[in-house]
Structures are given as C-alpha cells and as structure tokens.
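*Asks:* Following this message is one structure expressed as structure tokens.
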Amino acid sequence: MEYRRLGRTGLKVSTICLGTMQFGWTTDEPNAYAVMSRAIELGCNFFDTADVYSRWAENNPGGVAEEMIGRWLKQSSISRQELIIATKGRGQMGAQPTNQGLSRHHLFNAVENSLRRLQTDYIDLYQTHWPDEETPLEESLTALNDLVRQGKIRYIGCSNYPAWLLMKSLWISEQYGLARFDTIQPHYSLVHRAEFERELQPACQDQGVGVIPYSPLGGGFLTGKYRRDTPLPESARAQGVQRRYMNEQGFNAVDQLEEVGQAHGATIAQTAIAWVLANPTVSSAIIGANNISQLEDTVKGGEIRLSTEEKNALDKVTAWS
Ligand SMILES: NC(=O)c1ccc[n+]([C@@H]2O[C@H](COP(=O)([O-])OP(=O)(O)OC[C@H]3O[C@@H](n4cnc5c(N)ncnc54)[C@H](OP(=O)(O)O)[C@@H]3O)[C@@H](O)[C@H]2O)c1
C-alpha cells in the first residue's frame, strides 16, 4: 500500500480509503466488520463515513455506519491511533429544522453526536458534506476552528463544493487565521470528470488542497459487470448506474480500461482506481465494497502504475470540452 500526504498536511493516508456508505444499507454489521478488518490487513489506514449513512435505507435513522465503526473499533485489536477516521456533517439528522446545515449550532451538535457514535474522543478529518447556502461561511469556519482548538477534530475538509466556494472558504480562513479546508471530496472517476477537472483541479493544485474523490468506480459501473447487451447485475445501485453511465461513452471507457488493464494483468476495477490515483492532486481514492472479495479486487488497483501513454489513452475516451 502506498501512503500519500493528505494535501499539504503532514498526515500520511493510504491511497485507498475505505468508504462506509454501504454499511447499514447493503452491508450488514458482520460483513462490515469483515470488510474493515481486511482493509486494515491490506494496509488501509483511512476510513470515510458520514453521520447520514445510511439514512436512506429502510428503518435506518442515520448514524448507523458511524455506530458500526465505533463498535468494530472497540472489539478489534486496532489501536484508535492507527486509524484515520474521516466523517461528515450537514445532512438532516432529526425532525427539527435545526438538525441540519452548517450553522454553529448544528456543527457543534453534529460533532458531539459523531464522537459518541464512533466511541472516540477525536475525529481525524471532519468534512462539510455539501454547501449550506443559508449559513455564512464565516460562521461555519469559526465553529470548525473552535472544534479544532478543542481537540475534537484535527483537520477539516469539504465535499461537493464548487471551486469558487472552496476558494472563498480558503480566503476567509486565511483572513481570520482559522483552520482551513485541507481536503475536498469531489465526485470523480473516468466517467465523471468535468465537474472536478474544469475548475476544482487547478484550484486544488494551486492551493495544496488534498483531493479524496468518491465513487472512483462509478458506483460499480467501472468493474466490468455492466456491459453492452447484458442484463443488469444484482445491485441496489443498478438503476442509478444505468441512468448515469450506461451509454456509448461509458461502455467505451470500460472497453479501454479492459485493454489497458490487460498489460498489467489487472481487472477493470483495478485499472479504474489506477487512473484516479495517477492524478497528482489525488491523495486517496474513496472506494466502496460490499464484501471482502470486492475489497481485495479493488485495493490492488493502488499497486498499478499507468504509463503516460496508457493514461492518455484512457483520458481520450472520456475527453470533455
Ligand atoms: N461526499 C459525498 O457526497 C459522497 C457520495 C458518495 C459516496 N461517498 C463516499 O465514497 C465512498 C465510495 O462511494 P461509492 O460506493 O459510490 O464508490 P465506488 O467504489 O465507485 O462504488 C462502490 C460499489 O461498486 C461495487 N463494487 C465495488 N468493488 C467492486 C468490485 N471489485 N467488483 C464488482 N463490483 C464492485 C459495489 O456495489 P454493488 O455490489 O452493489 O455493485 C460497491 O458498493 C462511500 O462509501 C462514501 O464513503 C461520498
């Protein structure tokens, strides 16, 4: 496993980050424990979660993925200090209008609740899950800065921010001497590029903001199980994948991944991960795995180094303008 600096910070994270959005949705607790334990054995020291995971699953009030991580950590032999835990807040976590957003009020409550569910006294990376247009950035950044000073969170990051909002946030942090967003978590894969590459990528490169992309496999599309003229695979995500990616360009991307991967003896999923990690702004790719065999397959992508020609061939197939 390769370890990279998280942006310009001194923190070293594994290039594969285990996402936990599936926990409590399509991955039950025993499977979640197995996946987390295997991820650690494979060298992953970085887990991503969020308070809302997986609120959309049946009878799930949210907070379940964090609770599973907390219980697993307590019963495992892993020391808390060996693991970098990233979580997020912003989503609706109760019935009241105050139970969401990036207000000082909600951020303080959300961090306390995440700490309790995770059974820990600090969070390594706390991320704003998506923007909150109804709260001034100064209010959120001051609250996050206070939480850093209190030792409850160690680094801060954001997710799903456009470049202008990231830049404005960085400017406010610098102006007032506050903790700054050291990371951004954008949606990024070979079949979802322009949103990140157009403006965020140069901004992150210039500002030393670490990029930790989510859905690097396109939610399962870039694994080879969604092909032309074949029935959809069994997956809770199949309809969404079909709607988003099952088009000529998407299928061509899968074909090209297969061709490039053959030279490395790599699967389509591994080559898709190698493509994301070939981007120098990327600190770690956040993958999803429902079980150990998916995890073991995907993690090997972190070992593959694409040549410039191979990277260019893949870039070309989903070029955007
Ligand atoms: N910040 C945000 O707004 C945001 C949004 C989304 C996700 N995230 C984070 O990013 C993480 C990863 O997102 P994601 O789940 O969309 O990532 P992904 O890695 O693109 O997709 C993972 C899905 O692909 C399938 N899969 C994974 N490995 C496979 C393999 N080797 N072979 C075949 N199928 C495989 C599984 O679904 P099936 O088995 O069902 O096919 C799995 O759930 C989440 O857990 C979460 O932590 C953040």
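All residue names refer to the structure tokens as shown: chains lettered A, B, ... in order, residues numbered from 1 in each chain, ligands numbered from 1 in order.
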Could you make a table, as a Markdown table, of the residues of chain A that have an atom within 8 Å of an atom of ligand 1, each with its nearest atom pair and distance in Å to one decimal, counting only C-alpha atoms and all ligand atoms, in chain and number order?

*Replies:*
| residue | atom | partner | partner_atom_place_in_ligand_line | distance |
| --- | --- | --- | --- | --- |
| A:Leu18 | CA | ligand 1 | 45 (O) | 6.9 |
| A:Gly19 | CA | ligand 1 | 45 (O) | 3.2 |
| A:Thr20 | CA | ligand 1 | 45 (O) | 4.0 |
| A:Met21 | CA | ligand 1 | 45 (O) | 3.7 |
| A:Gln22 | CA | ligand 1 | 45 (O) | 5.9 |
| A:Thr26 | CA | ligand 1 | 40 (O) | 7.4 |
| A:Phe47 | CA | ligand 1 | 47 (O) | 7.7 |
| A:Asp48 | CA | ligand 1 | 47 (O) | 4.7 |
| A:Thr49 | CA | ligand 1 | 47 (O) | 4.9 |
| A:Ala50 | CA | ligand 1 | 47 (O) | 7.2 |
| A:Lys88 | CA | ligand 1 | 1 (N) | 8.0 |
| A:His129 | CA | ligand 1 | 1 (N) | 5.7 |
| A:Trp130 | CA | ligand 1 | 3 (O) | 7.0 |
| A:Ser159 | CA | ligand 1 | 1 (N) | 5.3 |
| A:Asn160 | CA | ligand 1 | 3 (O) | 6.2 |
| A:Gln185 | CA | ligand 1 | 1 (N) | 5.7 |
| A:Pro186 | CA | ligand 1 | 1 (N) | 6.6 |
| A:His187 | CA | ligand 1 | 5 (C) | 6.9 |
| A:Ser189 | CA | ligand 1 | 20 (O) | 7.8 |
| A:Pro213 | CA | ligand 1 | 10 (O) | 7.3 |
| A:Tyr214 | CA | ligand 1 | 10 (O) | 4.0 |
| A:Ser215 | CA | ligand 1 | 20 (O) | 3.1 |
| A:Pro216 | CA | ligand 1 | 20 (O) | 4.3 |
| A:Leu217 | CA | ligand 1 | 20 (O) | 3.3 |
| A:Gly218 | CA | ligand 1 | 20 (O) | 4.0 |
| A:Gly219 | CA | ligand 1 | 21 (O) | 3.2 |
| A:Gly220 | CA | ligand 1 | 24 (O) | 3.2 |
| A:Phe221 | CA | ligand 1 | 24 (O) | 6.9 |
| A:Leu222 | CA | ligand 1 | 20 (O) | 7.6 |
| A:Thr223 | CA | ligand 1 | 33 (C) | 5.1 |
| A:Gly224 | CA | ligand 1 | 33 (C) | 7.3 |
| A:Lys225 | CA | ligand 1 | 33 (C) | 6.6 |
| A:Pro233 | CA | ligand 1 | 41 (O) | 7.3 |
| A:Glu234 | CA | ligand 1 | 41 (O) | 7.1 |
| A:Ser235 | CA | ligand 1 | 40 (O) | 4.0 |
| A:Ala236 | CA | ligand 1 | 40 (O) | 5.5 |
| A:Arg237 | CA | ligand 1 | 40 (O) | 5.4 |
| A:Ala238 | CA | ligand 1 | 41 (O) | 6.9 |
| A:Ala269 | CA | ligand 1 | 31 (N) | 5.7 |
| A:Gln270 | CA | ligand 1 | 31 (N) | 7.7 |
| A:Ile286 | CA | ligand 1 | 10 (O) | 4.9 |
| A:Ile287 | CA | ligand 1 | 19 (O) | 3.7 |
| A:Gly288 | CA | ligand 1 | 15 (O) | 3.7 |
| A:Ala289 | CA | ligand 1 | 27 (C) | 4.6 |
| A:Asn290 | CA | ligand 1 | 43 (O) | 5.4 |
| A:Ser293 | CA | ligand 1 | 31 (N) | 6.9 |
| A:Gln294 | CA | ligand 1 | 31 (N) | 3.7 |
| A:Leu295 | CA | ligand 1 | 28 (N) | 6.0 |
| A:Glu296 | CA | ligand 1 | 31 (N) | 7.2 |
| A:Asp297 | CA | ligand 1 | 31 (N) | 4.7 |
| A:Thr298 | CA | ligand 1 | 31 (N) | 4.8 |

*Asks:* Excluding Ile123 (chain A) and residues on its chain fewer than 5 positions from it, collect all residues at most 12 Å away from it, counting only C-alpha atoms, and give them as a PDB file with C-alpha atoms, in the first residue's frame.

*Replies:*
ATOM      1  CA  PHE A  46      -8.091   5.698   6.198  1.00  0.00           C
ATOM      2  CA  PHE A  47     -11.888   5.237   6.527  1.00  0.00           C
ATOM      3  CA  ASP A  48     -14.538   7.654   5.303  1.00  0.00           C
ATOM      4  CA  THR A  49     -18.030   7.874   6.758  1.00  0.00           C
ATOM      5  CA  ALA A  50     -20.786  10.443   7.389  1.00  0.00           C
ATOM      6  CA  GLU A  66     -20.600   5.546  12.365  1.00  0.00           C
ATOM      7  CA  GLY A  70     -17.342   2.573  16.718  1.00  0.00           C
ATOM      8  CA  ARG A  80      -7.555   4.102  17.622  1.00  0.00           C
ATOM      9  CA  GLN A  81      -4.374   5.973  16.761  1.00  0.00           C
ATOM     10  CA  LEU A  83      -6.791   4.676  12.032  1.00  0.00           C
ATOM     11  CA  ILE A  84      -7.567   7.962  10.276  1.00  0.00           C
ATOM     12  CA  ILE A  85     -11.319   8.474  10.553  1.00  0.00           C
ATOM     13  CA  ALA A  86     -12.996  10.977   8.264  1.00  0.00           C
ATOM     14  CA  THR A  87     -16.638  11.814   8.808  1.00  0.00           C
ATOM     15  CA  LYS A  88     -19.040  14.492   7.620  1.00  0.00           C
ATOM     16  CA  GLY A  89     -21.911  16.600   8.824  1.00  0.00           C
ATOM     17  CA  ALA A 110     -23.253  17.019  14.906  1.00  0.00           C
ATOM     18  CA  VAL A 111     -19.631  16.637  16.045  1.00  0.00           C
ATOM     19  CA  GLU A 112     -20.711  15.593  19.569  1.00  0.00           C
ATOM     20  CA  ASN A 113     -23.095  13.023  18.089  1.00  0.00           C
ATOM     21  CA  SER A 114     -20.475  11.636  15.684  1.00  0.00           C
ATOM     22  CA  LEU A 115     -17.951  11.336  18.530  1.00  0.00           C
ATOM     23  CA  ARG A 116     -20.497   9.405  20.602  1.00  0.00           C
ATOM     24  CA  ARG A 117     -21.437   7.051  17.762  1.00  0.00           C
ATOM     25  CA  LEU A 118     -17.797   6.472  16.808  1.00  0.00           C
ATOM     26  CA  LEU A 144     -14.992  24.332  12.874  1.00  0.00           C
ATOM     27  CA  LEU A 147     -13.786  22.433  17.365  1.00  0.00           C
ATOM     28  CA  VAL A 148     -10.201  22.039  16.156  1.00  0.00           C
ATOM     29  CA  GLN A 150     -10.988  21.979  21.472  1.00  0.00           C
ATOM     30  CA  GLY A 151      -9.194  18.916  20.092  1.00  0.00           C
ATOM     31  CA  LYS A 152     -12.436  17.312  18.929  1.00  0.00           C
ATOM     32  CA  ILE A 153     -11.431  17.428  15.299  1.00  0.00           C
ATOM     33  CA  ARG A 154      -7.919  17.519  13.856  1.00  0.00           C
ATOM     34  CA  TYR A 155      -8.260  18.576  10.223  1.00  0.00           C
ATOM     35  CA  ILE A 156     -11.159  19.965   8.270  1.00  0.00           C
ATOM     36  CA  GLY A 157     -12.293  19.386   4.712  1.00  0.00           C
TER      37      GLY A 157
END

*Asks:* Which residues in region 60-270 of chain A does DSSP call alpha helix (DSSP H)? List them as a PyMOL selection string.

*Replies:* chain A and resi 64-75+104-118+137-149+163-176+194-197+200-207+238-245+248-262+268-270

*Asks:* If we count only C-alpha atoms and set the cut-off at 10 Å, which residues sit around Ser173 (chain A), ignoring sequence neighbours fewer than 3 positions away in its own chain? Please answer as a ChimeraX atom specification.

*Replies:* /A:137-138,141-142,145,167-170,176-181

*Asks:* Just the strand (DSSP E) stuff from region 10-147 of chain A, please, per backbone DSSP, written as an MDAnalysis selection string.

*Replies:* chainID A and resid 12:14 16:19 46:48 84:89 123:128

*Asks:* For N, CA and C atoms, I'd like the residues from the last selection saved as a PDB file, in the first residue's frame.

*Replies:*
ATOM      1  N   LYS A  12      -0.150  11.239   6.694  1.00  0.00           N
ATOM      2  CA  LYS A  12       0.008  10.271   5.594  1.00  0.00           C
ATOM      3  C   LYS A  12      -1.177   9.302   5.602  1.00  0.00           C
ATOM      4  N   VAL A  13      -1.854   9.238   4.477  1.00  0.00           N
ATOM      5  CA  VAL A  13      -3.003   8.327   4.371  1.00  0.00           C
ATOM      6  C   VAL A  13      -2.768   7.314   3.262  1.00  0.00           C
ATOM      7  N   SER A  14      -3.399   6.155   3.397  1.00  0.00           N
ATOM      8  CA  SER A  14      -3.298   5.135   2.351  1.00  0.00           C
ATOM      9  C   SER A  14      -4.003   5.653   1.098  1.00  0.00           C
ATOM     10  N   ILE A  16      -5.776   4.095  -0.809  1.00  0.00           N
ATOM     11  CA  ILE A  16      -7.139   3.559  -0.837  1.00  0.00           C
ATOM     12  C   ILE A  16      -7.783   3.873   0.507  1.00  0.00           C
ATOM     13  N   CYS A  17      -8.887   4.587   0.429  1.00  0.00           N
ATOM     14  CA  CYS A  17      -9.663   4.923   1.631  1.00  0.00           C
ATOM     15  C   CYS A  17     -10.932   4.071   1.580  1.00  0.00           C
ATOM     16  N   LEU A  18     -11.262   3.443   2.694  1.00  0.00           N
ATOM     17  CA  LEU A  18     -12.475   2.617   2.707  1.00  0.00           C
ATOM     18  C   LEU A  18     -13.702   3.480   2.986  1.00  0.00           C
ATOM     19  N   GLY A  19     -14.594   3.563   2.026  1.00  0.00           N
ATOM     20  CA  GLY A  19     -15.867   4.258   2.231  1.00  0.00           C
ATOM     21  C   GLY A  19     -16.841   3.346   2.949  1.00  0.00           C
ATOM     22  N   PHE A  46      -7.242   4.529   6.387  1.00  0.00           N
ATOM     23  CA  PHE A  46      -8.091   5.698   6.198  1.00  0.00           C
ATOM     24  C   PHE A  46      -9.518   5.223   5.883  1.00  0.00           C
ATOM     25  N   PHE A  47     -10.481   5.598   6.739  1.00  0.00           N
ATOM     26  CA  PHE A  47     -11.888   5.237   6.527  1.00  0.00           C
ATOM     27  C   PHE A  47     -12.708   6.523   6.395  1.00  0.00           C
ATOM     28  N   ASP A  48     -13.640   6.508   5.472  1.00  0.00           N
ATOM     29  CA  ASP A  48     -14.538   7.654   5.303  1.00  0.00           C
ATOM     30  C   ASP A  48     -15.964   7.251   5.669  1.00  0.00           C
ATOM     31  N   ILE A  84      -7.173   6.584  10.585  1.00  0.00           N
ATOM     32  CA  ILE A  84      -7.567   7.962  10.276  1.00  0.00           C
ATOM     33  C   ILE A  84      -9.054   7.912   9.927  1.00  0.00           C
ATOM     34  N   ILE A  85      -9.867   8.504  10.785  1.00  0.00           N
ATOM     35  CA  ILE A  85     -11.319   8.474  10.553  1.00  0.00           C
ATOM     36  C   ILE A  85     -11.779   9.832  10.022  1.00  0.00           C
ATOM     37  N   ALA A  86     -12.399   9.774   8.839  1.00  0.00           N
ATOM     38  CA  ALA A  86     -12.996  10.977   8.264  1.00  0.00           C
ATOM     39  C   ALA A  86     -14.503  10.828   8.341  1.00  0.00           C
ATOM     40  N   THR A  87     -15.177  11.841   8.864  1.00  0.00           N
ATOM     41  CA  THR A  87     -16.638  11.814   8.808  1.00  0.00           C
ATOM     42  C   THR A  87     -17.138  13.169   8.310  1.00  0.00           C
ATOM     43  N   LYS A  88     -18.466  13.271   8.196  1.00  0.00           N
ATOM     44  CA  LYS A  88     -19.040  14.492   7.620  1.00  0.00           C
ATOM     45  C   LYS A  88     -20.329  14.854   8.341  1.00  0.00           C
ATOM     46  N   GLY A  89     -20.641  16.124   8.285  1.00  0.00           N
ATOM     47  CA  GLY A  89     -21.911  16.600   8.824  1.00  0.00           C
ATOM     48  C   GLY A  89     -22.502  17.625   7.885  1.00  0.00           C
ATOM     49  N   ILE A 123     -11.982  13.257  16.043  1.00  0.00           N
ATOM     50  CA  ILE A 123     -12.209  12.877  14.634  1.00  0.00           C
ATOM     51  C   ILE A 123     -11.019  13.412  13.854  1.00  0.00           C
ATOM     52  N   ASP A 124     -10.414  12.562  13.034  1.00  0.00           N
ATOM     53  CA  ASP A 124      -9.206  12.997  12.322  1.00  0.00           C
ATOM     54  C   ASP A 124      -9.507  14.060  11.268  1.00  0.00           C
ATOM     55  N   LEU A 125     -10.536  13.799  10.474  1.00  0.00           N
ATOM     56  CA  LEU A 125     -10.891  14.740   9.397  1.00  0.00           C
ATOM     57  C   LEU A 125     -12.394  14.957   9.429  1.00  0.00           C
ATOM     58  N   TYR A 126     -12.806  16.187   9.680  1.00  0.00           N
ATOM     59  CA  TYR A 126     -14.242  16.481   9.700  1.00  0.00           C
ATOM     60  C   TYR A 126     -14.585  17.294   8.459  1.00  0.00           C
ATOM     61  N   GLN A 127     -15.552  16.792   7.688  1.00  0.00           N
ATOM     62  CA  GLN A 127     -15.871  17.417   6.408  1.00  0.00           C
ATOM     63  C   GLN A 127     -17.298  17.952   6.368  1.00  0.00           C
ATOM     64  N   THR A 128     -17.453  19.107   5.742  1.00  0.00           N
ATOM     65  CA  THR A 128     -18.794  19.620   5.477  1.00  0.00           C
ATOM     66  C   THR A 128     -19.294  18.861   4.238  1.00  0.00           C
TER      67      THR A 128
END

*Asks:* Leaving out Ala163 (chain A) and any residue of its chain fewer than 2 positions from it, which residues lie within 12 Å of it when counting only C-alpha atoms, given as a list in words?

*Replies:*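 Here the answer would be Pro131, Cys158, Ser159, Asn160, Tyr161, Leu165, Leu166, Met167, Lys168, Ser169, Leu170, Ile184, Gln185, Pro186, Glu195, Phe196, Glu197, Arg198, Glu199, Leu200, Gln201, Pro202, Ala203, Cys204, Gln205, Asp206, Gln207 and Val209 of chain A.
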
*Asks:* Restricting it to N, CA and C atoms, dump the selection as a PDB file, in the first residue's frame.

*Replies:*
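This is the output file result30.pdb:
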ATOM      1  N   PRO A 131     -22.479  22.175   0.513  1.00  0.00           N
ATOM      2  CA  PRO A 131     -22.627  23.556   0.974  1.00  0.00           C
ATOM      3  C   PRO A 131     -23.971  23.819   1.646  1.00  0.00           C
ATOM      4  N   CYS A 158     -13.926  19.728   2.988  1.00  0.00           N
ATOM      5  CA  CYS A 158     -15.283  19.953   2.485  1.00  0.00           C
ATOM      6  C   CYS A 158     -15.565  18.930   1.384  1.00  0.00           C
ATOM      7  N   SER A 159     -16.807  18.839   1.010  1.00  0.00           N
ATOM      8  CA  SER A 159     -17.195  17.892  -0.034  1.00  0.00           C
ATOM      9  C   SER A 159     -18.256  18.551  -0.917  1.00  0.00           C
ATOM     10  N   ASN A 160     -18.196  18.227  -2.195  1.00  0.00           N
ATOM     11  CA  ASN A 160     -19.203  18.717  -3.151  1.00  0.00           C
ATOM     12  C   ASN A 160     -19.242  20.248  -3.236  1.00  0.00           C
ATOM     13  N   TYR A 161     -18.093  20.909  -3.047  1.00  0.00           N
ATOM     14  CA  TYR A 161     -18.035  22.368  -3.187  1.00  0.00           C
ATOM     15  C   TYR A 161     -17.567  22.721  -4.591  1.00  0.00           C
ATOM     16  N   LEU A 165     -16.421  28.422  -4.242  1.00  0.00           N
ATOM     17  CA  LEU A 165     -16.762  28.359  -2.818  1.00  0.00           C
ATOM     18  C   LEU A 165     -15.573  27.843  -2.001  1.00  0.00           C
ATOM     19  N   LEU A 166     -14.847  26.901  -2.586  1.00  0.00           N
ATOM     20  CA  LEU A 166     -13.627  26.431  -1.919  1.00  0.00           C
ATOM     21  C   LEU A 166     -12.663  27.614  -1.764  1.00  0.00           C
ATOM     22  N   MET A 167     -12.458  28.362  -2.851  1.00  0.00           N
ATOM     23  CA  MET A 167     -11.512  29.485  -2.808  1.00  0.00           C
ATOM     24  C   MET A 167     -11.962  30.544  -1.797  1.00  0.00           C
ATOM     25  N   LYS A 168     -13.268  30.820  -1.770  1.00  0.00           N
ATOM     26  CA  LYS A 168     -13.772  31.825  -0.819  1.00  0.00           C
ATOM     27  C   LYS A 168     -13.551  31.343   0.626  1.00  0.00           C
ATOM     28  N   SER A 169     -13.772  30.043   0.839  1.00  0.00           N
ATOM     29  CA  SER A 169     -13.563  29.477   2.181  1.00  0.00           C
ATOM     30  C   SER A 169     -12.097  29.600   2.586  1.00  0.00           C
ATOM     31  N   LEU A 170     -11.200  29.284   1.657  1.00  0.00           N
ATOM     32  CA  LEU A 170      -9.759  29.362   1.963  1.00  0.00           C
ATOM     33  C   LEU A 170      -9.362  30.805   2.271  1.00  0.00           C
ATOM     34  N   ILE A 184     -10.705  18.215  -0.133  1.00  0.00           N
ATOM     35  CA  ILE A 184     -12.039  18.270  -0.742  1.00  0.00           C
ATOM     36  C   ILE A 184     -12.378  16.868  -1.229  1.00  0.00           C
ATOM     37  N   GLN A 185     -13.658  16.535  -1.099  1.00  0.00           N
ATOM     38  CA  GLN A 185     -14.122  15.211  -1.520  1.00  0.00           C
ATOM     39  C   GLN A 185     -15.104  15.409  -2.676  1.00  0.00           C
ATOM     40  N   PRO A 186     -14.599  15.330  -3.902  1.00  0.00           N
ATOM     41  CA  PRO A 186     -15.475  15.501  -5.055  1.00  0.00           C
ATOM     42  C   PRO A 186     -15.877  14.157  -5.665  1.00  0.00           C
ATOM     43  N   GLU A 195     -16.756  17.904 -13.859  1.00  0.00           N
ATOM     44  CA  GLU A 195     -17.125  18.630 -12.628  1.00  0.00           C
ATOM     45  C   GLU A 195     -15.884  18.917 -11.776  1.00  0.00           C
ATOM     46  N   PHE A 196     -14.950  17.984 -11.726  1.00  0.00           N
ATOM     47  CA  PHE A 196     -13.724  18.190 -10.947  1.00  0.00           C
ATOM     48  C   PHE A 196     -12.620  18.845 -11.768  1.00  0.00           C
ATOM     49  N   GLU A 197     -12.417  18.339 -12.977  1.00  0.00           N
ATOM     50  CA  GLU A 197     -11.225  18.771 -13.725  1.00  0.00           C
ATOM     51  C   GLU A 197     -11.309  20.210 -14.227  1.00  0.00           C
ATOM     52  N   ARG A 198     -12.536  20.679 -14.500  1.00  0.00           N
ATOM     53  CA  ARG A 198     -12.679  22.000 -15.127  1.00  0.00           C
ATOM     54  C   ARG A 198     -12.085  23.115 -14.246  1.00  0.00           C
ATOM     55  N   GLU A 199     -12.516  23.221 -12.996  1.00  0.00           N
ATOM     56  CA  GLU A 199     -12.043  24.340 -12.164  1.00  0.00           C
ATOM     57  C   GLU A 199     -11.483  23.903 -10.813  1.00  0.00           C
ATOM     58  N   LEU A 200     -12.014  22.814 -10.269  1.00  0.00           N
ATOM     59  CA  LEU A 200     -11.554  22.410  -8.939  1.00  0.00           C
ATOM     60  C   LEU A 200     -10.115  21.915  -8.966  1.00  0.00           C
ATOM     61  N   GLN A 201      -9.792  21.112  -9.972  1.00  0.00           N
ATOM     62  CA  GLN A 201      -8.449  20.513 -10.017  1.00  0.00           C
ATOM     63  C   GLN A 201      -7.349  21.582  -9.997  1.00  0.00           C
ATOM     64  N   PRO A 202      -7.406  22.607 -10.900  1.00  0.00           N
ATOM     65  CA  PRO A 202      -6.348  23.620 -10.820  1.00  0.00           C
ATOM     66  C   PRO A 202      -6.361  24.376  -9.499  1.00  0.00           C
ATOM     67  N   ALA A 203      -7.541  24.592  -8.923  1.00  0.00           N
ATOM     68  CA  ALA A 203      -7.617  25.299  -7.638  1.00  0.00           C
ATOM     69  C   ALA A 203      -6.940  24.469  -6.546  1.00  0.00           C
ATOM     70  N   CYS A 204      -7.215  23.171  -6.534  1.00  0.00           N
ATOM     71  CA  CYS A 204      -6.630  22.294  -5.501  1.00  0.00           C
ATOM     72  C   CYS A 204      -5.113  22.213  -5.661  1.00  0.00           C
ATOM     73  N   GLN A 205      -4.681  22.120  -6.913  1.00  0.00           N
ATOM     74  CA  GLN A 205      -3.243  22.041  -7.187  1.00  0.00           C
ATOM     75  C   GLN A 205      -2.545  23.312  -6.686  1.00  0.00           C
ATOM     76  N   ASP A 206      -3.133  24.443  -7.017  1.00  0.00           N
ATOM     77  CA  ASP A 206      -2.545  25.728  -6.652  1.00  0.00           C
ATOM     78  C   ASP A 206      -2.528  25.932  -5.141  1.00  0.00           C
ATOM     79  N   GLN A 207      -3.582  25.487  -4.450  1.00  0.00           N
ATOM     80  CA  GLN A 207      -3.744  25.776  -3.026  1.00  0.00           C
ATOM     81  C   GLN A 207      -3.275  24.630  -2.116  1.00  0.00           C
ATOM     82  N   VAL A 209      -4.676  21.725  -1.714  1.00  0.00           N
ATOM     83  CA  VAL A 209      -5.813  21.055  -1.067  1.00  0.00           C
ATOM     84  C   VAL A 209      -5.816  19.599  -1.524  1.00  0.00           C
TER      85      VAL A 209
END

*Asks:* Point out the residue among A:Leu6, A:Ala313, A:Leu232, A:Ile212 with the least atom-to-atom distance to Glu259 (chain A), counting only C-alpha atoms.

*Replies:*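 Smallest separation from Glu259 (chain A) among the options: A:Ala313.
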
*Asks:* For Pro280 (chain A), which residue out of A:Arg4, A:Lys74, A:Arg227, A:His105 is the nearest one, using only C-alpha atoms?

*Replies:*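 Checking each of A:Arg4, A:Lys74, A:Arg227, A:His105 against Pro280 (chain A), counting only C-alpha atoms, the winner is A:Arg4.
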
*Asks:* Please compute the CA of Val260 (chain A)-CA of Leu314 (chain A) distance, one decimal, in Å.

*Replies:* 8.1 Å

*Asks:* How far is it from CA of Ser76 (chain A) to CA of Asn291 (chain A), in Å with one decimal?

*Replies:* 18.1 Å

*Asks:* What gap, in Å, lies between CA of Gln242 (chain A) and CA of Val52 (chain A)?

*Replies:*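 A separation of 24.5 Å between them.
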
*Asks:* Nearest to Val64 (chain A) among A:Ala253, A:Met93, A:Leu190, A:Met246, with distances taken over only C-alpha atoms: which residue is it?

*Replies:* A:Met93

*Asks:* For Thr15 (chain A), please output as a PyMOL selection string all residues within 8 Å (counting only C-alpha atoms; exclusion window: fewer than 2 positions along the same chain).

*Replies:* chain A and resi 1-4+13+17+44+277+283-285+302
